[in-house]
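Below is the file model30.tsv, which contains TSV, C-alpha atoms and all ligand atoms.
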chain	number	residue	atom	x	y	z
Y	177	MET	CA	184.01	244.47	14.63
Y	178	GLY	CA	180.95	242.68	13.34
Y	179	ILE	CA	177.35	243.87	13.40
Y	180	GLY	CA	176.58	241.71	16.44
Y	181	GLY	CA	179.41	243.38	18.32
Y	182	GLN	CA	178.09	246.83	17.40
Y	183	LEU	CA	174.59	245.89	18.56
Y	184	MET	CA	176.09	244.78	21.87
Y	185	TRP	CA	177.01	248.43	22.56
Y	186	THR	CA	173.44	249.70	22.22
Y	187	PRO	CA	172.21	248.84	25.76
Y	188	LEU	CA	175.06	251.00	27.13
Y	189	ALA	CA	173.90	253.91	24.96
Y	190	LYS	CA	170.32	253.50	26.21
Y	191	GLU	CA	171.42	253.46	29.87
Y	192	LEU	CA	173.63	256.54	29.42
Y	193	TYR	CA	170.83	258.37	27.63
Y	194	GLU	CA	168.40	257.60	30.41
Y	195	LYS	CA	170.89	258.66	33.06
Y	196	HIS	CA	172.05	261.94	31.47
Y	197	ASN	CA	169.29	262.66	28.93
Y	198	LYS	CA	171.98	262.96	26.26
Y	199	LYS	CA	172.66	260.88	23.17
Y	200	VAL	CA	175.90	258.95	22.98
Y	201	VAL	CA	178.63	259.45	20.37
Y	202	PHE	CA	180.85	256.38	20.11
Y	203	TYR	CA	184.35	256.99	18.81
Y	204	ASN	CA	187.69	255.25	18.43
Y	205	SER	CA	191.07	256.17	16.96
Y	206	GLY	CA	189.42	256.66	13.56
Y	207	GLY	CA	186.98	259.27	14.94
Y	208	ILE	CA	183.22	259.05	15.37
Y	209	ILE	CA	181.86	255.58	14.56
Y	210	LYS	CA	178.93	255.88	12.15
Y	211	ASP	CA	177.77	252.30	11.90
Y	212	ASN	CA	174.72	251.64	9.69
Y	213	ILE	CA	173.24	249.37	12.32
Y	214	TRP	CA	172.94	252.42	14.63
Y	215	ILE	CA	170.96	254.51	12.12
Y	216	ASN	CA	167.70	255.75	13.68
Y	217	ASN	CA	168.84	254.59	17.14
Y	218	PRO	CA	167.24	257.11	19.57
Y	219	TYR	CA	170.20	256.90	21.96
Y	220	ILE	CA	173.13	257.25	19.55
Y	221	SER	CA	174.28	260.32	17.62
Y	222	PHE	CA	176.76	260.54	14.74
Y	223	ILE	CA	177.42	264.24	15.49
Y	224	LYS	CA	179.20	265.51	18.58
Y	225	THR	CA	177.58	268.53	20.26
Y	226	ASN	CA	177.33	270.00	23.78
Y	227	ASP	CA	174.30	267.78	24.22
Y	228	THR	CA	176.02	264.46	23.58
Y	229	ILE	CA	178.18	262.16	25.67
Y	230	SER	CA	181.34	260.83	24.03
Y	231	ILE	CA	182.34	257.25	24.73
Y	232	ASN	CA	185.79	256.10	23.69
Y	233	LEU	CA	185.52	252.45	22.62
Y	234	GLN	CA	189.25	252.34	22.00
Y	235	LYS	CA	189.69	251.96	25.74
Y	236	TYR	CA	187.82	248.70	25.57
Y	237	ASN	CA	189.91	247.11	22.79
Y	238	ARG	CA	192.15	244.97	24.94
Y	239	HIS	CA	189.12	243.55	26.77
Y	240	PHE	CA	187.56	241.92	23.70
Y	241	ARG	CA	189.33	238.62	24.22
Y	242	LYS	CA	188.78	238.72	27.93
Y	243	GLU	CA	185.01	239.22	27.60
Y	244	MET	CA	184.79	236.03	25.51
Y	245	SER	CA	186.52	234.06	28.27
Y	246	LEU	CA	184.09	235.15	31.00
Y	247	GLU	CA	180.95	233.17	31.72
Y	248	GLN	CA	179.10	236.47	31.74
Y	249	HIS	CA	177.11	238.21	29.04
Y	250	GLY	CA	179.24	240.46	26.82
Y	251	VAL	CA	176.68	243.27	27.06
Y	252	LEU	CA	176.98	243.21	30.84
Y	253	THR	CA	180.79	243.13	30.69
Y	254	ARG	CA	180.80	246.17	28.41
Y	255	CYS	CA	178.32	248.17	30.48
Y	256	LEU	CA	180.18	247.39	33.73
Y	257	PHE	CA	183.41	248.58	32.13
Y	258	TYR	CA	181.79	252.01	31.79
Y	259	ASN	CA	180.29	251.78	35.31
Y	260	ILE	CA	176.76	251.05	34.20
Y	261	THR	CA	174.53	248.19	35.34
Y	262	PRO	CA	172.06	247.63	32.50
Y	263	LYS	CA	168.39	247.00	33.22
Y	264	SER	CA	168.12	244.93	30.04
Y	265	LEU	CA	170.71	243.14	27.91
Y	266	TYR	CA	168.63	243.31	24.72
Y	267	PRO	CA	170.21	245.30	21.88
Y	268	ILE	CA	168.31	248.24	20.38
Y	269	LEU	CA	167.68	248.33	16.64
Y	270	LYS	CA	165.19	250.84	15.17
Y	271	TYR	CA	164.21	250.56	11.54
Y	272	THR	CA	163.42	253.51	9.30
Y	273	ASP	CA	159.89	254.01	7.92
Y	274	LYS	CA	161.25	253.16	4.48
Y	275	GLU	CA	162.60	249.84	5.72
Y	276	GLU	CA	159.37	249.00	7.52
Y	277	GLU	CA	157.29	249.82	4.44
Y	278	LYS	CA	159.44	247.69	2.15
Y	279	ILE	CA	159.14	244.70	4.45
Y	280	LYS	CA	155.40	245.19	4.72
Y	281	ARG	CA	155.17	244.99	0.92
Y	282	LEU	CA	157.27	241.82	0.90
Y	283	LEU	CA	155.06	240.15	3.49
Y	284	ARG	CA	152.37	239.84	0.80
Y	285	PHE	CA	154.46	236.99	-0.66
Y	286	LEU	CA	154.45	235.04	2.59
Y	287	PRO	CA	151.93	233.17	4.71
Y	288	LYS	CA	151.05	234.44	8.18
Y	289	LYS	CA	153.33	231.95	9.89
Y	290	PHE	CA	156.82	231.27	8.58
Y	291	LEU	CA	160.28	230.40	9.77
Y	292	CYS	CA	163.43	232.27	8.66
Y	293	ILE	CA	166.76	230.53	8.25
Y	294	GLU	CA	170.31	231.76	7.67
Y	295	PRO	CA	172.38	228.60	7.08
Y	296	HIS	CA	175.60	230.49	6.36
Y	297	SER	CA	177.66	231.95	9.13
Y	298	LYS	CA	180.15	234.74	8.58
Y	299	THR	CA	183.57	233.11	8.27
Y	300	SER	CA	185.65	236.30	7.96
Y	301	TYR	CA	185.75	236.58	11.76
Y	302	THR	CA	186.02	232.88	12.58
Y	303	GLN	CA	185.32	229.55	10.87
Y	304	ASN	CA	184.70	227.90	14.22
Y	305	LYS	CA	180.98	228.74	14.31
Y	306	SER	CA	180.01	227.21	10.94
Y	307	PHE	CA	177.54	224.36	10.70
Y	308	SER	CA	177.33	222.08	7.68
Y	309	PHE	CA	175.09	223.34	4.84
Y	310	ARG	CA	174.12	219.72	4.09
Y	311	LYS	CA	172.92	219.28	7.66
Y	312	TRP	CA	170.89	222.50	7.55
Y	313	GLN	CA	169.33	221.02	4.39
Y	314	ASN	CA	168.39	217.91	6.35
Y	315	VAL	CA	166.81	220.12	9.01
Y	316	VAL	CA	164.78	221.96	6.35
Y	317	ASN	CA	163.69	218.73	4.66
Y	318	GLU	CA	162.35	217.41	7.93
Y	319	LEU	CA	160.60	220.66	8.92
Y	320	ILE	CA	158.72	220.96	5.64
Y	321	LYS	CA	157.19	217.53	6.29
Y	322	HIS	CA	155.45	219.32	9.16
Y	323	ASN	CA	154.07	221.97	6.77
Y	324	ILE	CA	156.42	224.67	8.00
Y	325	THR	CA	157.11	227.45	5.49
Y	326	ILE	CA	160.80	228.34	5.45
Y	327	VAL	CA	162.34	231.54	4.12
Y	328	GLN	CA	166.08	231.79	3.49
Y	329	VAL	CA	167.49	235.25	4.23
Y	330	SER	CA	171.15	235.02	3.17
Y	331	ILE	CA	172.96	237.51	0.95
Y	332	PRO	CA	172.49	236.71	-2.79
Y	333	SER	CA	175.95	235.21	-3.36
Y	334	ARG	CA	175.46	232.41	-0.83
Y	335	THR	CA	174.08	228.99	-1.79
Y	336	LEU	CA	170.34	228.47	-1.71
Y	337	LEU	CA	168.79	225.60	0.22
Y	338	ASP	CA	166.23	223.36	-1.51
Y	339	ASN	CA	162.59	223.57	-0.45
Y	340	VAL	CA	162.76	227.13	0.88
Y	341	ILE	CA	161.35	230.48	-0.28
Y	342	ASP	CA	164.28	232.46	-1.64
Y	343	PHE	CA	164.41	235.95	-0.13
Y	344	ARG	CA	168.11	236.49	-0.80
Y	345	ARG	CA	167.57	239.03	-3.58
Y	346	ARG	CA	164.55	240.73	-2.09
Y	347	LEU	CA	166.52	242.03	0.87
Y	348	SER	CA	169.30	244.49	0.16
Y	349	SER	CA	170.84	245.03	3.58
Y	350	PHE	CA	171.38	243.43	6.95
Y	351	ARG	CA	168.89	245.95	8.36
Y	352	GLU	CA	166.13	244.91	5.94
Y	353	CYS	CA	166.80	241.29	6.74
Y	354	ALA	CA	166.55	241.98	10.46
Y	355	CYS	CA	163.32	243.91	9.84
Y	356	LEU	CA	161.81	240.90	8.07
Y	357	LEU	CA	162.75	238.69	11.03
Y	358	LYS	CA	160.38	240.78	13.15
Y	359	HIS	CA	157.50	239.16	11.32
Y	360	CYS	CA	158.61	235.53	11.39
Y	361	SER	CA	157.49	232.97	13.93
Y	362	LEU	CA	160.97	231.62	14.51
Y	363	PHE	CA	164.47	232.48	13.31
Y	364	ILE	CA	167.06	229.71	13.13
Y	365	SER	CA	170.81	230.02	12.59
Y	366	THR	CA	174.20	229.75	14.17
Y	367	GLU	CA	175.35	232.37	16.68
Y	368	GLY	CA	176.03	235.73	15.00
Y	369	GLY	CA	174.84	239.22	14.12
Y	370	LEU	CA	171.32	238.25	13.08
Y	371	MET	CA	170.74	236.62	16.45
Y	372	HIS	CA	171.45	239.94	18.20
Y	373	ALA	CA	169.13	241.71	15.74
Y	374	SER	CA	166.45	239.11	16.31
Y	375	VAL	CA	166.67	239.73	20.06
Y	376	ALA	CA	166.40	243.48	19.46
Y	377	ASN	CA	163.10	242.64	17.71
Y	378	GLN	CA	162.20	240.42	20.64
Y	379	ASN	CA	161.74	237.59	18.19
Y	380	ARG	CA	161.81	233.97	19.04
Y	381	SER	CA	164.90	232.23	17.76
Y	382	PHE	CA	166.74	228.96	17.84
Y	383	ILE	CA	170.52	229.30	17.77
Y	384	LEU	CA	173.23	226.68	17.42
Y	385	TYR	CA	176.27	227.57	19.51
Y	386	SER	CA	179.77	226.44	18.60
Y	387	PRO	CA	182.14	225.05	21.25
Y	388	MET	CA	184.42	228.08	20.87
Y	389	PHE	CA	182.87	230.07	23.71
Y	390	HIS	CA	180.39	229.53	26.51
Y	391	PRO	CA	176.83	230.46	25.40
Y	392	LYS	CA	176.53	232.73	28.44
Y	393	TYR	CA	178.72	235.21	26.56
Y	394	THR	CA	175.96	236.11	24.07
Y	395	LEU	CA	172.86	234.13	25.06
Y	396	TYR	CA	169.70	236.15	25.78
Y	397	ASP	CA	166.78	234.81	27.80
Y	398	ILE	CA	164.43	234.72	24.79
Y	399	VAL	CA	166.79	232.58	22.67
Y	400	GLU	CA	166.42	228.81	22.52
Y	401	HIS	CA	169.74	227.14	21.91
Y	402	LEU	CA	171.84	224.03	21.71
Y	403	TRP	CA	175.51	224.19	22.60
Y	404	VAL	CA	177.79	221.91	20.62
Y	405	HIS	CA	180.60	220.98	22.99
Y	406	THR	CA	182.28	218.13	24.84
Y	407	ASP	CA	183.67	218.01	28.38
Y	408	GLU	CA	187.14	217.79	26.86
Y	409	HIS	CA	186.87	220.71	24.48
Y	410	GLN	CA	184.76	223.81	25.11
Y	411	ALA	CA	185.22	227.56	25.36
Y	412	CYS	CA	188.69	227.48	23.80
Y	413	ILE	CA	188.01	231.13	22.72
Y	414	LYS	CA	190.06	230.58	19.59
Y	415	VAL	CA	189.12	232.87	16.72
Y	416	LYS	CA	191.67	231.26	14.39
Y	417	PRO	CA	190.48	227.95	12.91
Y	418	CYS	CA	190.26	225.35	15.70
Y	419	ARG	CA	190.24	221.81	14.38
Y	420	ASN	CA	188.42	220.53	17.44
Y	421	CYS	CA	185.61	223.14	17.27
Y	422	ILE	CA	185.25	222.69	13.50
Y	423	ASN	CA	185.07	218.90	13.80
Y	424	GLN	CA	182.54	219.03	16.60
Y	425	MET	CA	180.33	221.32	14.51
Y	426	LYS	CA	180.82	219.07	11.47
Y	427	ASN	CA	179.84	215.91	13.33
Y	428	TYR	CA	176.94	217.30	15.36
Y	429	ASP	CA	173.74	215.29	14.95
Y	430	GLU	CA	171.15	217.53	13.28
Y	431	LYS	CA	168.32	215.34	14.60
Y	432	LYS	CA	168.75	217.12	17.94
Y	433	ILE	CA	168.17	220.44	16.17
Y	434	ILE	CA	165.06	219.15	14.40
Y	435	LYS	CA	163.60	217.83	17.64
Y	436	LYS	CA	164.21	221.12	19.43
Y	437	ILE	CA	162.70	223.24	16.65
Y	438	LEU	CA	159.59	221.08	16.42
Y	439	GLU	CA	159.13	221.44	20.17
Y	440	ILE	CA	159.21	225.23	20.09
Y	441	TYR	CA	157.64	226.10	16.73
T	501	ZN	ZN	188.14	225.08	19.86
Output the file's structure as structure tokens, nothing else.
Ligand SMILES: [Zn+2]
Amino acid sequence: MGIGGQLMWTPLAKELYEKHNKKVVFYNSGGIIKDNIWINNPYISFIKTNDTISINLQKYNRHFRKEMSLEQHGVLTRCLFYNITPKSLYPILKYTDKEEEKIKRLLRFLPKKFLCIEPHSKTSYTQNKSFSFRKWQNVVNELIKHNITIVQVSIPSRTLLDNVIDFRRRLSSFRECACLLKHCSLFISTEGGLMHASVANQNRSFILYSPMFHPKYTLYDIVEHLWVHTDEHQACIKVKPCRNCINQMKNYDEKKIIKKILEIY
């Protein structure tokens, strides 16, 4: 499972903690899940004791595809599966002091107001969410005409956009990247893990949704979005490459994205 998926379990942990006053240990067939994204989470433990609640995520496995097909938020679907109605859908992500301090030092290189962009989407899970790098470049080129400072936060091996501040090598983990997002004025990307992290920060973000599923599945109320889709082809919930989804993403007019961002920035 991806980082976004792991963040989508955190509201359940918070609810269970508040109900029983015990931290949650998530486990599956491989034992206790010790995901880095849960480090420092006040509601999740990596050690099972008499004072923890164990939640078997294995039980949920066969529901993963189903949750994508529902026009209901995945966080809600997951909580309801374990008989919990969550008060909030926002994921919980707590940074360590070390992470916070590093980001504070890095902020010296940036103006007070800046926009963060991740133009690359993770393709190991699905290619159907990717948006053209060339079109993201067009978006950037237009935004800088409006004196917007743009910081690219990809991992170092991914291609760098022109006209952006390169933060790829300054950030050494997903967590540090998410921590930087806390300080930006707007985060823009395609749907994925960083969007969930950005919502945990209660950041403003603009997210481009692929046709592959209905935005309701992962959309939070503080996220601005555009959904690429047609009446004929939407929410196919295909994880394997879908020619129709890929083509729709490829042909989407980036001017709509530019207009939307300029409205909200
Ligand atoms: Zn499709």
If you count only C-alpha atoms, the residue of Y:Ile220, Y:Val327, Y:Leu370, Y:Ile434 closest to Leu192 (chain Y) turns out to be Y:Ile220
Selection as a PyMOL selection string: residues within 8 Å of ligand ZN 501 (chain T) by all atoms listed in the file
chain Y and resi 304+387-388+409-414+417-422
Give me, as a CSV table (one decimal) with C-alpha atoms, in the frame of the given file, all polymer residues having an atom no more than 7 Å from region 352-359 of chain Y, counting only C-alpha atoms and skipping those fewer than 2 positions away in the same chain.
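Final output, saved to around07.csv:
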chain,number,residue,atom,x,y,z
Y,271,TYR,CA,164.2,250.6,11.5
Y,275,GLU,CA,162.6,249.8,5.7
Y,276,GLU,CA,159.4,249.0,7.5
Y,279,ILE,CA,159.1,244.7,4.4
Y,292,CYS,CA,163.4,232.3,8.7
Y,329,VAL,CA,167.5,235.2,4.2
Y,347,LEU,CA,166.5,242.0,0.9
Y,348,SER,CA,169.3,244.5,0.2
Y,349,SER,CA,170.8,245.0,3.6
Y,350,PHE,CA,171.4,243.4,7.0
Y,361,SER,CA,157.5,233.0,13.9
Y,363,PHE,CA,164.5,232.5,13.3
Y,370,LEU,CA,171.3,238.2,13.1
Y,373,ALA,CA,169.1,241.7,15.7
Y,374,SER,CA,166.4,239.1,16.3
Y,377,ASN,CA,163.1,242.6,17.7
Y,379,ASN,CA,161.7,237.6,18.2
Rounded to one decimal place, report the CA of Ile208 (chain Y)-CA of Arg238 (chain Y) distance in Å.
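Going from CA of Ile208 (chain Y) over to CA of Arg238 (chain Y), I get 19.2 Å.
Take the candidates Y:Leu246, Y:Gly181, Y:Lys198, Y:Lys278 and check each one against Ser221 (chain Y) using only C-alpha atoms; the shortest distance goes to Y:Lys198.
Between CA of Phe309 (chain Y) and CA of Lys288 (chain Y) there is a distance of 26.7 Å.
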At what distance in Å, to one decimal, does CA of Tyr266 (chain Y) lie from CA of Lys195 (chain Y)?
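Straight-line distance from CA of Lys195 (chain Y) to CA of Tyr266 (chain Y) works out to 17.6 Å.
If you measure from each of Y:Ser333, Y:Asp338, Y:Leu291, Y:Glu430 to Ser381 (chain Y) using only C-alpha atoms, the closest one turns out to be Y:Leu291.
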Name all residues at most 10 Å from Leu438 (chain Y) (count only C-alpha atoms; drop same-chain ones fewer than 2 positions away) and give them as a list of chain:residue names.
Y:Glu318, Y:Leu319, Y:His322, Y:Ile324, Y:Ile433, Y:Ile434, Y:Lys435, Y:Lys436, Y:Ile440, Y:Tyr441
Contacts of region 396-399 of chain Y at 12 Å or less, counting only C-alpha atoms, minus same-chain residues fewer than 2 places along, as a ChimeraX atom specification?
/Y:184,248-252,264-267,362-367,371-385,391-394,401-402,437,440
Counting only C-alpha atoms, the residue among Y:Gln328, Y:Thr406, Y:Asn237, Y:Thr186 that lies closest to Pro262 (chain Y) is Y:Thr186
Exercise: residues within 12 Å of coordinate (191.4, 252.4, 23.8), counting all atoms listed in the file, as a PyMOL selection string:
chain Y and resi 202-206+231-240
Ranking Y:Asp211, Y:Glu243, Y:Asp227, Y:Glu408 by minimum distance to Lys199 (chain Y) and counting all atoms listed in the file, which one comes first?
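Going through Y:Asp211, Y:Glu243, Y:Asp227, Y:Glu408 one by one, the smallest distance to Lys199 (chain Y) is for Y:Asp227.
Across Y:Asn323, Y:Ser386, Y:Thr225, Y:Asn212, the tightest approach to Lys270 (chain Y) is made by Y:Asn212 when counting only C-alpha atoms.
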Starting from 5 Å padding per side, set up an axis-aligned box that covers all listed atoms of region 286-298 of chain Y and hand over centre and edge lengths in Å, one decimal, as JSON.
{"center_x": 165.6, "center_y": 231.8, "center_z": 6.2, "size_x": 39.1, "size_y": 16.4, "size_z": 17.3}
Might you pull out every residue within 12 Å of Ser300 (chain Y), with all atoms listed in the file counted and same-chain residues fewer than 6 positions away left off, and present them as an MDAnalysis selection string?
chainID Y and resid 177:178 306 368 415:417
List the neighbours of Glu191 (chain Y) out to 10 Å using all atoms listed in the file; skip same-chain residues closer than 2 positions along the sequence, and give me the result as a ChimeraX atom specification.
/Y:186-189,193-197,200,219,255,260-264
